[in-house]
Amino acid sequence: MSDPVRIGLLGCGRIGSMHAELISQRIPGTALAAVYDVFDGAAASVAAAFGARHASNSAELIEADDVDAVAICSSTDTHIDLLVEAAAAGKPAFVEKPLSLDLAEVDRGIAAATEAGIAVQVGFNRRFDAAHRHVRDRVAAGDVGDVHLVRISSRDPDPPPISYIKVSGGIFCDMTIHDFDMARFVTGSDAVEVYATGGVRVDPAIGEAGDLDTAVVVVTHASGAITTIDNSRRAVYGYDQRLEAFGSAGMASSDNPPSATARYWDGDGVHGEPLPYFFLDRYIPSYLAEWNAFVAMVGGAPSPVNLADGRAPLVMGLAAWKSVREDRPVAIEDVG
């Protein structure tokens, strides 16, 4: 049996704590070596819960001899600085999305990682969802023929707190960024133009914070395929994530998994269980697959979601915001 990949975790908030649990308890071939968070209590709690060392600062964790790779799950504005630190230490890195909200910062991180030659995986976990991947694999195999249309619906059960929305980069760089990644992943083609429109249909406070809560985006790909994306911050029936690829030879799609497969029939019709109401209820299997892919990458496999894959959806998100503000289609080359 080979030695486990010893991972140092940077960031112990909601997503970091989830990753800590997966790394320490559910991913074969990994061990949670150390954790750090700017909020000392959060790091102490995660360290105690999962048997890891509690580092006093990021440099101590990244440079430690018992840390083989780092997981950057801290706030978005810290991602690039920590990636640069990891590059300087020669440590492979997992970086949660988005890499940054600043394209120049993303390019600084890419340059540092490339110069150091470290392997990096970006945390677009939906690529690892079995149903979504099935659609992509059908497209890649040519089963749907020449792809004409991709349709993505992505709707959350409830919006995040306004305090988060104010620092998130807005719906296109926070929520839709997953869908931009899926559009590229499924079609196998980069975007060349983005047109977006949206409004505030859920909560006026979201608009007052300078954001949208309801949006539609049309992406034109280099291949000629067209992707439509619809987003809402509130779907009262649960976490709604669907994907469809339509082409000259057929169609492939993924649908929402029910929280249970039980059904009840009566005189009023057929009744089923509700959809999952939280992203962790839907996507834990994809996070597990994501970490298994990271272990393979540290072992020498190509990155399944590389830094170019991390950069492209941010450019699409910035183009979407420019499109909304200027009420016109925006060419990707005009953004970055």
# chains A, B, ... in the order shown; residues from 1 in each chain; ligands from 1
call {"tool": "residues_around", "arguments": {"residues": "Arg127 of chain A", "least_positions_apart": "5", "cutoff": "8 Å", "atoms": "only C-alpha atoms", "output": "VMD selection string"}}
result
chain A and resid 132 to 133 182 185 286
call {"tool": "residues_around", "arguments": {"residues": "Ile7 of chain A", "least_positions_apart": "5", "cutoff": "7 Å", "atoms": "only C-alpha atoms", "output": "count of residues only"}}
result
8
call {"tool": "select_by_dssp", "arguments": {"residues": "segment 76-304 of chain A", "states": "strand (DSSP E or B)", "output": "mmCIF file with C-alpha atoms, in the first residue's frame"}}
result
data_model
loop_
_atom_site.group_PDB
_atom_site.id
_atom_site.type_symbol
_atom_site.label_atom_id
_atom_site.label_comp_id
_atom_site.auth_asym_id
_atom_site.auth_seq_id
_atom_site.Cartn_x
_atom_site.Cartn_y
_atom_site.Cartn_z
ATOM 1 C CA ALA A 93 -2.645 22.518 -5.114
ATOM 2 C CA PHE A 94 -6.398 22.171 -5.163
ATOM 3 C CA VAL A 95 -8.074 25.593 -5.476
ATOM 4 C CA GLU A 96 -11.775 26.176 -4.964
ATOM 5 C CA VAL A 120 -3.166 22.403 -9.937
ATOM 6 C CA GLN A 121 -6.793 21.303 -9.924
ATOM 7 C CA VAL A 122 -9.626 23.859 -9.791
ATOM 8 C CA GLY A 123 -12.734 22.960 -7.781
ATOM 9 C CA VAL A 147 -23.996 19.677 -31.036
ATOM 10 C CA HIS A 148 -26.514 22.399 -31.835
ATOM 11 C CA LEU A 149 -27.914 23.394 -28.437
ATOM 12 C CA VAL A 150 -27.004 22.909 -24.789
ATOM 13 C CA ARG A 151 -29.521 23.893 -22.142
ATOM 14 C CA ILE A 152 -28.576 24.336 -18.482
ATOM 15 C CA SER A 153 -30.978 25.118 -15.638
ATOM 16 C CA SER A 154 -29.387 26.006 -12.315
ATOM 17 C CA ARG A 155 -31.643 27.197 -9.507
ATOM 18 C CA ALA A 191 -17.063 30.475 -25.726
ATOM 19 C CA VAL A 192 -16.675 33.259 -28.258
ATOM 20 C CA GLU A 193 -19.628 35.465 -27.244
ATOM 21 C CA VAL A 194 -21.894 35.956 -24.239
ATOM 22 C CA TYR A 195 -25.250 37.714 -24.022
ATOM 23 C CA ALA A 196 -26.898 38.038 -20.628
ATOM 24 C CA THR A 197 -29.990 39.603 -19.144
ATOM 25 C CA GLY A 198 -31.463 39.486 -15.684
ATOM 26 C CA GLY A 199 -33.513 41.071 -12.973
ATOM 27 C CA THR A 214 -32.747 35.865 -11.842
ATOM 28 C CA ALA A 215 -30.816 35.603 -15.097
ATOM 29 C CA VAL A 216 -30.651 34.085 -18.563
ATOM 30 C CA VAL A 217 -27.409 33.781 -20.523
ATOM 31 C CA VAL A 218 -26.810 32.794 -24.146
ATOM 32 C CA VAL A 219 -23.310 31.530 -24.927
ATOM 33 C CA THR A 220 -22.072 31.086 -28.484
ATOM 34 C CA HIS A 221 -19.224 28.573 -28.797
ATOM 35 C CA ILE A 226 -25.296 27.630 -28.538
ATOM 36 C CA THR A 227 -25.754 27.183 -24.793
ATOM 37 C CA THR A 228 -28.645 28.731 -22.882
ATOM 38 C CA ILE A 229 -28.393 29.039 -19.107
ATOM 39 C CA ASP A 230 -31.195 30.034 -16.745
ATOM 40 C CA ASN A 231 -30.555 30.864 -13.103
ATOM 41 C CA SER A 232 -32.686 31.688 -10.102
ATOM 42 C CA ASP A 240 -32.807 22.296 -9.371
ATOM 43 C CA GLN A 241 -29.877 21.284 -11.599
ATOM 44 C CA ARG A 242 -30.568 20.008 -15.134
ATOM 45 C CA LEU A 243 -28.529 19.711 -18.295
ATOM 46 C CA GLU A 244 -29.345 18.809 -21.894
ATOM 47 C CA ALA A 245 -27.242 18.496 -25.044
ATOM 48 C CA PHE A 246 -29.132 18.385 -28.346
ATOM 49 C CA GLY A 247 -27.493 17.610 -31.660
ATOM 50 C CA GLY A 250 -29.925 12.848 -30.805
ATOM 51 C CA MET A 251 -30.014 14.249 -27.299
ATOM 52 C CA ALA A 252 -28.460 13.465 -23.924
ATOM 53 C CA SER A 253 -29.713 14.878 -20.646
ATOM 54 C CA SER A 254 -29.315 14.759 -16.885
ATOM 55 C CA ARG A 263 -43.851 7.067 -4.859
ATOM 56 C CA TYR A 264 -47.484 7.160 -3.713
ATOM 57 C CA TRP A 265 -50.503 6.930 -6.002
ATOM 58 C CA ASP A 266 -53.993 8.064 -5.073
ATOM 59 C CA GLY A 269 -52.285 11.642 -8.889
ATOM 60 C CA VAL A 270 -48.748 10.442 -8.246
ATOM 61 C CA HIS A 271 -46.794 11.888 -5.331
ATOM 62 C CA GLY A 272 -43.032 11.674 -4.867
#
call {"tool": "closest_atom_pairs", "arguments": {"of": "segment 3-38 of chain A", "to": "segment 50-54 of chain A", "cutoff": "10 Å", "atoms": "only C-alpha atoms", "output": "CSV"}}
result
residue,atom,partner,partner_atom,distance
A:Ile7,CA,A:Ala52,CA,9.9
A:Gly8,CA,A:Ala52,CA,8.9
A:Leu9,CA,A:Ala52,CA,9.6
A:Ser17,CA,A:Phe50,CA,9.5
A:Ala20,CA,A:Phe50,CA,7.2
A:Glu21,CA,A:Phe50,CA,6.7
A:Leu22,CA,A:Phe50,CA,9.8
A:Ile23,CA,A:Phe50,CA,9.3
A:Ser24,CA,A:Phe50,CA,6.3
A:Gln25,CA,A:Phe50,CA,8.1
A:Ala31,CA,A:Ala52,CA,8.8
A:Leu32,CA,A:Ala52,CA,5.9
A:Ala33,CA,A:Ala52,CA,5.3
A:Ala34,CA,A:Arg53,CA,4.4
A:Val35,CA,A:His54,CA,5.3
A:Tyr36,CA,A:His54,CA,6.2
A:Asp37,CA,A:His54,CA,9.0
call {"tool": "closest_residue", "arguments": {"among": "A:Val305, A:Leu101, A:Val298, A:Val167", "to": "Arg184 of chain A", "atoms": "only C-alpha atoms"}}
result
A:Val305
